[in-house]
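Next comes final28.txt, a file with compact mmCIF, C-alpha atoms.
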```txt
# COMPACT_ATOMS: atom_id res chain seq x y z
CA MET A 1 0.00 0.00 0.00
CA THR A 2 1.40 3.40 -0.97
CA LEU A 3 1.66 6.25 1.51
CA ALA A 4 -1.09 8.85 1.38
CA SER A 5 1.56 11.57 1.69
CA LYS A 6 5.05 11.80 0.22
CA ASN A 7 6.10 13.97 3.15
CA VAL A 8 6.47 11.04 5.55
CA THR A 9 9.87 9.60 6.43
CA TRP A 10 10.64 6.54 8.54
CA PHE A 11 12.78 7.46 11.56
CA ASP A 12 15.11 4.90 13.12
CA GLY A 13 15.57 5.45 16.85
CA TYR A 14 18.74 5.08 18.87
CA LEU A 15 18.03 1.55 20.08
CA THR A 16 18.24 -1.60 17.97
CA ARG A 17 15.97 -4.60 18.13
CA ASP A 18 18.88 -6.63 19.53
CA GLU A 19 19.26 -4.16 22.40
CA ARG A 20 15.55 -4.27 23.19
CA GLU A 21 15.57 -8.08 23.10
CA ALA A 22 18.58 -8.15 25.41
CA LEU A 23 16.62 -6.03 27.89
CA HIS A 24 13.64 -8.44 27.76
CA GLY A 25 15.77 -11.57 27.82
CA HIS A 26 14.04 -13.12 24.81
CA LYS A 27 13.32 -12.41 21.15
CA GLY A 28 10.32 -10.58 19.76
CA ALA A 29 7.83 -12.75 17.91
CA VAL A 30 4.21 -13.13 16.85
CA VAL A 31 2.19 -16.16 17.92
CA TRP A 32 -0.76 -16.01 15.55
CA PHE A 33 -3.73 -18.17 16.57
CA THR A 34 -6.21 -18.69 13.74
CA GLY A 35 -9.40 -20.74 13.59
CA LEU A 36 -13.16 -20.57 13.71
CA SER A 37 -15.09 -18.57 16.28
CA ALA A 38 -15.33 -20.53 19.58
CA SER A 39 -12.57 -22.92 18.51
CA GLY A 40 -10.60 -22.02 21.63
CA LYS A 41 -8.10 -19.49 20.25
CA SER A 42 -8.48 -16.83 22.94
CA THR A 43 -8.50 -19.29 25.82
CA ILE A 44 -5.28 -20.96 24.66
CA ALA A 45 -3.71 -17.57 23.94
CA HIS A 46 -4.38 -16.38 27.48
CA TYR A 47 -2.97 -19.56 29.02
CA LEU A 48 0.11 -19.11 26.83
CA GLU A 49 0.47 -15.51 27.97
CA ARG A 50 0.33 -16.61 31.62
CA MET A 51 2.99 -19.27 31.03
CA LEU A 52 5.27 -16.76 29.32
CA TYR A 53 4.69 -14.26 32.12
CA GLU A 54 5.80 -16.87 34.62
CA ARG A 55 8.98 -17.21 32.56
CA LYS A 56 9.52 -13.44 32.93
CA CYS A 57 8.74 -12.77 29.25
CA THR A 58 7.28 -9.48 28.05
CA THR A 59 4.07 -10.19 26.16
CA TYR A 60 0.79 -8.73 25.03
CA SER A 61 -2.28 -10.65 23.92
CA PHE A 62 -4.55 -9.20 21.23
CA ASP A 63 -8.12 -10.46 21.01
CA GLY A 64 -10.26 -9.98 17.91
CA ASP A 65 -13.23 -8.40 19.68
CA ASN A 66 -11.01 -6.11 21.75
CA VAL A 67 -9.24 -4.74 18.69
CA ARG A 68 -12.58 -4.05 17.03
CA HIS A 69 -13.57 -1.89 19.99
CA GLY A 70 -10.81 0.59 19.15
CA LEU A 71 -8.25 0.30 16.36
CA CYS A 72 -10.68 -1.35 13.94
CA ARG A 73 -14.01 -0.06 15.23
CA ASP A 74 -14.83 1.40 11.80
CA LEU A 75 -14.61 -1.98 10.05
CA GLY A 76 -17.31 -4.54 9.35
CA PHE A 77 -17.00 -8.13 8.23
CA SER A 78 -16.99 -7.90 4.44
CA PRO A 79 -13.97 -9.53 2.74
CA GLU A 80 -12.51 -6.06 2.16
CA ASP A 81 -12.95 -5.04 5.80
CA ARG A 82 -11.53 -8.34 7.05
CA LYS A 83 -8.47 -7.74 4.88
CA GLU A 84 -8.00 -4.23 6.27
CA ASN A 85 -8.54 -5.51 9.81
CA ILE A 86 -5.65 -7.96 9.48
CA ARG A 87 -3.47 -5.40 7.69
CA ARG A 88 -3.78 -2.97 10.60
CA ILE A 89 -3.12 -5.70 13.14
CA GLY A 90 -0.10 -6.86 11.13
CA GLU A 91 1.43 -3.39 11.19
CA MET A 92 0.75 -3.17 14.92
CA VAL A 93 2.35 -6.50 15.85
CA ARG A 94 5.34 -5.70 13.63
CA LEU A 95 6.09 -2.77 15.94
CA PHE A 96 5.76 -5.02 18.99
CA VAL A 97 8.23 -7.50 17.51
CA ASP A 98 10.64 -4.66 16.80
CA GLY A 99 10.26 -3.73 20.47
CA GLY A 100 11.36 -7.22 21.51
CA ILE A 101 7.89 -8.21 22.72
CA ILE A 102 6.08 -11.49 22.14
CA ALA A 103 2.74 -10.54 20.58
CA ILE A 104 0.02 -13.17 20.93
CA THR A 105 -2.99 -12.78 18.67
CA ALA A 106 -6.34 -14.57 18.54
CA PHE A 107 -8.13 -13.66 15.32
CA ILE A 108 -10.27 -15.78 13.03
CA SER A 109 -8.24 -14.28 10.14
CA PRO A 110 -9.99 -16.51 7.59
CA TYR A 111 -7.87 -15.77 4.51
CA ARG A 112 -4.44 -17.30 3.88
CA ALA A 113 -3.26 -14.33 1.83
CA ASP A 114 -3.90 -11.92 4.70
CA ARG A 115 -2.02 -14.11 7.17
CA GLU A 116 0.88 -14.33 4.73
CA VAL A 117 1.04 -10.53 4.58
CA VAL A 118 1.65 -10.50 8.34
CA ARG A 119 4.26 -13.26 8.04
CA LYS A 120 6.18 -11.21 5.48
CA LEU A 121 5.92 -8.09 7.63
CA VAL A 122 7.50 -9.65 10.72
CA GLY A 123 9.70 -12.28 9.08
CA ASP A 124 9.22 -16.01 8.72
CA ASP A 125 11.49 -16.73 11.70
CA ARG A 126 9.39 -14.52 14.00
CA PHE A 127 5.91 -15.58 12.88
CA PHE A 128 4.32 -18.70 14.38
CA GLU A 129 0.97 -19.59 12.82
CA ILE A 130 -1.04 -21.79 15.16
CA TYR A 131 -4.13 -23.37 13.63
CA VAL A 132 -6.77 -24.14 16.26
CA GLU A 133 -8.80 -26.76 14.42
CA CYS A 134 -12.28 -27.55 15.68
CA PRO A 135 -15.35 -28.91 13.86
CA VAL A 136 -18.08 -26.34 13.24
CA GLU A 137 -20.62 -28.39 15.16
CA VAL A 138 -18.36 -28.43 18.23
CA CYS A 139 -17.77 -24.68 17.96
CA ALA A 140 -21.52 -24.12 17.71
CA LYS A 141 -22.12 -26.15 20.89
CA ARG A 142 -19.43 -24.24 22.77
CA ASP A 143 -20.41 -20.80 21.47
CA PRO A 144 -20.88 -18.58 24.55
CA LYS A 145 -22.23 -15.66 22.51
CA GLY A 146 -24.89 -17.54 20.56
CA LEU A 147 -23.36 -16.34 17.29
CA TYR A 148 -23.63 -19.63 15.42
CA GLN A 149 -27.33 -19.94 16.19
CA ARG A 150 -27.95 -16.42 14.92
CA ALA A 151 -25.77 -17.02 11.85
CA MET A 152 -27.56 -20.25 10.99
CA ALA A 153 -30.86 -18.39 11.33
CA GLY A 154 -29.60 -15.78 8.86
CA VAL A 155 -29.54 -12.99 11.44
CA ILE A 156 -25.75 -12.57 11.20
CA LYS A 157 -24.46 -12.30 7.65
CA GLU A 158 -20.97 -13.27 6.42
CA PHE A 159 -20.23 -15.44 9.44
CA THR A 160 -17.08 -17.52 9.04
CA GLY A 161 -17.75 -21.24 8.91
CA VAL A 162 -21.46 -20.77 8.19
CA SER A 163 -21.99 -18.17 5.47
CA ALA A 164 -18.40 -17.04 4.83
CA PRO A 165 -15.32 -19.15 4.03
CA TYR A 166 -12.40 -20.13 6.22
CA GLU A 167 -9.10 -21.05 4.57
CA ALA A 168 -7.13 -23.35 6.84
CA PRO A 169 -3.35 -22.88 6.96
CA GLU A 170 -1.44 -25.11 4.57
CA ASN A 171 1.81 -25.22 6.55
CA PRO A 172 1.22 -23.94 10.10
CA SER A 173 3.79 -24.08 12.87
CA LEU A 174 1.34 -26.19 14.84
CA VAL A 175 -2.16 -27.65 14.51
CA ILE A 176 -4.11 -27.84 17.76
CA HIS A 177 -7.15 -30.13 17.72
CA SER A 178 -8.94 -28.25 20.47
CA ALA A 179 -11.75 -30.79 20.80
CA ALA A 180 -9.16 -33.38 21.86
CA VAL A 181 -6.72 -31.47 24.12
CA THR A 182 -7.09 -29.05 27.02
CA PRO A 183 -6.15 -25.38 26.60
CA VAL A 184 -3.25 -25.88 29.03
CA GLU A 185 -1.90 -28.81 27.00
CA ALA A 186 -2.22 -26.73 23.83
CA ALA A 187 -0.39 -23.77 25.38
CA GLU A 188 2.40 -26.07 26.52
CA GLU A 189 2.83 -27.28 22.94
CA VAL A 190 3.24 -23.68 21.77
CA MET A 191 5.77 -23.04 24.54
CA GLU A 192 7.84 -25.94 23.23
CA ILE A 193 7.80 -24.49 19.72
CA LEU A 194 9.03 -21.13 21.02
CA ASN A 195 11.76 -22.93 22.95
CA ARG A 196 12.92 -24.87 19.92
CA ALA A 197 12.94 -21.75 17.77
CA GLY A 198 15.11 -19.90 20.28
CA ILE A 199 12.51 -17.19 20.94
CA ILE A 200 12.62 -18.03 24.64
CA SER A 201 15.32 -19.95 26.51
CA ARG A 202 14.85 -23.05 28.59
```

Serialized structure, C-alpha cells:
Amino acid sequence: MTLASKNVTWFDGYLTRDEREALHGHKGAVVWFTGLSASGKSTIAHYLERMLYERKCTTYSFDGDNVRHGLCRDLGFSPEDRKENIRRIGEMVRLFVDGGIIAITAFISPYRADREVVRKLVGDDRFFEIYVECPVEVCAKRDPKGLYQRAMAGVIKEFTGVSAPYEAPENPSLVIHSAAVTPVEAAEEVMEILNRAGIISR
C-alpha cells in the first residue's frame, strides 16, 4: 500500500531490536492463533500468555473483539474489511516484535493471503501460525455468545464457517485439535515451539 503523503519519512531510533531483546531476555515474535469462532483461540492464547509471564517474558495478547472496539471499530465483516482488519493488526504486531515483545494474537483471520502478509511483515522466523482446528458443530455447541445460532438463522451475515469461508493454513507451525486437548496442554505445545525456535530460553 502506498503512503497517502510523500512527506512522511521513517525514523530509526537510537536503540536496535537486539538491544531491546537483550533487555527483555528473549526475542520478539508473533504467535498467531487462527481458527473458527469458539474454537478455543483466545483461551489458549491467554494460558500461553500466563505461562510466558511466569517465565519473565514481556508479552501482550490481542483479542479480535477487543481490537474491534478501538483500532478497527470502523470496520465490518466484508472480505474487504476483514483484509484491512488484518493489515492494521499486522502493522501493529510488527512494531511489537521490533520492540522485543512477544505478541500473541487470537483472530479468526480466515484468509491465507492476509495471514501471509503479516508473516512477510514480521519475518518467517518470527511468525508462528497456530491453527486451532475444531469442527463447526463443536464450535456451535461451545459458542458462549450464541453467534452460530444467529448465523444459521440468517440474522448474522458473512459469518465464518457458516456463510463465509475459512481457509485453513497449509503449513502452520502447529495444529491444535482443540476438541481433543485441554487449553493448558495446547499452550504447553506452543511453549515448546518457542523454545525450539530460540525465541525463549529453557

Residue contacts of Val184 of chain A (8 Å, all atoms listed in the file) excluding same-chain residues fewer than 6 positions away, as a list in words: Ile44, Tyr47 and Leu48 of chain A

Residues near Gly76 of chain A, cut-off 10 Å, all atoms listed in the file, skip fewer than 5 positions along chain, as number ranges by chain: A: 68, 81-82, 84-85, 158

Residue nearest Val190 of chain A - candidates A:Phe128, A:Gln149, A:Cys72, A:Ala106, atoms counted: only C-alpha atoms: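 Nearest candidate to Val190 of chain A out of A:Phe128, A:Gln149, A:Cys72, A:Ala106: A:Phe128.
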
For segment 170-184 of chain A, take all atoms listed in the file, fit an axis-aligned box around them, add 3 Å to each of the six sides, then output centre and edge lengths in Å rounded to one decimal, as lines of an AutoDock Vina configuration file.
```
center_x = -4.0
center_y = -28.7
center_z = 16.8
size_x = 21.5
size_y = 15.4
size_z = 30.5
```

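Look at everything within 9 Å of (10.1, -3.6, 24.4) using only C-alpha atoms, and the residues you get are A:Arg17, A:Arg20, A:Glu21, A:Leu23, A:His24, A:Gly28, A:Thr58, A:Phe96, A:Val97, A:Asp98, A:Gly99, A:Gly100, A:Ile101.
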
Given only C-alpha atoms as the counted atoms, nearest of A:Leu147, A:Leu194, A:Val181, A:Val132 to Gly40 of chain A: A:Val132

Distance table requested - segment 108-156 of chain A against segment 165-178 of chain A, cut-off 8 Å, all atoms listed in the file: one row per qualifying residue with the closest atom pair and its distance in Å to one decimal, ordered by chain and rising residue number, as CSV.
```
residue,atom,partner,partner_atom,distance
A:Pro110,CA,A:Tyr166,CA,4.6
A:Tyr111,CA,A:Glu167,CA,5.4
A:Arg112,CA,A:Glu167,CA,6.0
A:Phe128,CA,A:Ser173,CA,5.6
A:Glu129,CA,A:Pro172,CA,5.1
A:Ile130,CA,A:Leu174,CA,5.0
A:Tyr131,CA,A:Val175,CA,4.8
A:Val132,CA,A:Ile176,CA,4.8
A:Glu133,CA,A:His177,CA,5.0
A:Cys134,CA,A:Ser178,CA,5.9
```

Output file for the selection above: C-alpha atoms, as a CSV table (one decimal), in the coordinates of the input:
```
chain,number,residue,atom,x,y,z
A,110,PRO,CA,-10.0,-16.5,7.6
A,111,TYR,CA,-7.9,-15.8,4.5
A,112,ARG,CA,-4.4,-17.3,3.9
A,128,PHE,CA,4.3,-18.7,14.4
A,129,GLU,CA,1.0,-19.6,12.8
A,130,ILE,CA,-1.0,-21.8,15.2
A,131,TYR,CA,-4.1,-23.4,13.6
A,132,VAL,CA,-6.8,-24.1,16.3
A,133,GLU,CA,-8.8,-26.8,14.4
A,134,CYS,CA,-12.3,-27.6,15.7
```

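In this structure, atom CA of Ser163 of chain A sits 18.5 Å away from atom CA of Arg142 of chain A.
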
Coordinates-based distance that separates atom CA of Leu95 of chain A from atom CA of Glu189 of chain A (Å, one decimal):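 Calculated distance between atom CA of Glu189 of chain A and atom CA of Leu95 of chain A is 25.7 Å.
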
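Picture a line from atom CA of Ile104 of chain A to atom CA of Asp18 of chain A; it runs 20.0 Å.
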
Could you rebuild segment 3-18 of chain A with N, CA, C and O atoms and give it back as a CSV table (one decimal), in the frame of the given file?
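As a result, part_22.csv now contains:
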```
chain,number,residue,atom,x,y,z
A,3,LEU,N,1.9,5.2,0.5
A,3,LEU,CA,1.7,6.2,1.5
A,3,LEU,C,0.7,7.3,1.0
A,3,LEU,O,0.8,7.7,-0.2
A,4,ALA,N,-0.2,7.8,1.8
A,4,ALA,CA,-1.1,8.8,1.4
A,4,ALA,C,-0.4,10.2,1.2
A,4,ALA,O,-0.8,11.0,0.4
A,5,SER,N,0.8,10.3,1.8
A,5,SER,CA,1.6,11.6,1.7
A,5,SER,C,3.0,11.2,1.4
A,5,SER,O,3.5,10.2,1.9
A,6,LYS,N,3.6,12.0,0.5
A,6,LYS,CA,5.0,11.8,0.2
A,6,LYS,C,6.0,12.5,1.2
A,6,LYS,O,7.2,12.5,1.1
A,7,ASN,N,5.3,13.2,2.2
A,7,ASN,CA,6.1,14.0,3.2
A,7,ASN,C,6.3,13.2,4.5
A,7,ASN,O,6.4,13.8,5.5
A,8,VAL,N,6.3,11.9,4.4
A,8,VAL,CA,6.5,11.0,5.6
A,8,VAL,C,7.8,10.3,5.4
A,8,VAL,O,8.0,9.6,4.4
A,9,THR,N,8.6,10.3,6.4
A,9,THR,CA,9.9,9.6,6.4
A,9,THR,C,10.0,8.7,7.6
A,9,THR,O,9.7,9.1,8.8
A,10,TRP,N,10.5,7.5,7.4
A,10,TRP,CA,10.6,6.5,8.5
A,10,TRP,C,11.9,7.0,9.4
A,10,TRP,O,12.9,7.3,8.8
A,11,PHE,N,11.7,7.0,10.7
A,11,PHE,CA,12.8,7.5,11.6
A,11,PHE,C,13.2,6.3,12.4
A,11,PHE,O,12.5,5.7,13.1
A,12,ASP,N,14.5,5.9,12.3
A,12,ASP,CA,15.1,4.9,13.1
A,12,ASP,C,15.6,5.5,14.4
A,12,ASP,O,16.3,6.5,14.4
A,13,GLY,N,15.2,4.9,15.5
A,13,GLY,CA,15.6,5.4,16.8
A,13,GLY,C,17.0,5.1,17.2
A,13,GLY,O,17.8,4.6,16.3
A,14,TYR,N,17.4,5.3,18.4
A,14,TYR,CA,18.7,5.1,18.9
A,14,TYR,C,19.0,3.7,19.6
A,14,TYR,O,20.0,3.5,20.1
A,15,LEU,N,17.9,2.9,19.6
A,15,LEU,CA,18.0,1.6,20.1
A,15,LEU,C,17.8,0.5,19.0
A,15,LEU,O,16.9,0.8,18.1
A,16,THR,N,18.5,-0.5,19.0
A,16,THR,CA,18.2,-1.6,18.0
A,16,THR,C,17.3,-2.7,18.5
A,16,THR,O,17.1,-2.7,19.8
A,17,ARG,N,16.8,-3.5,17.7
A,17,ARG,CA,16.0,-4.6,18.1
A,17,ARG,C,16.8,-5.5,19.1
A,17,ARG,O,16.3,-6.0,20.1
A,18,ASP,N,18.0,-5.8,18.7
A,18,ASP,CA,18.9,-6.6,19.5
A,18,ASP,C,19.0,-6.1,20.9
A,18,ASP,O,19.0,-6.8,21.9
```
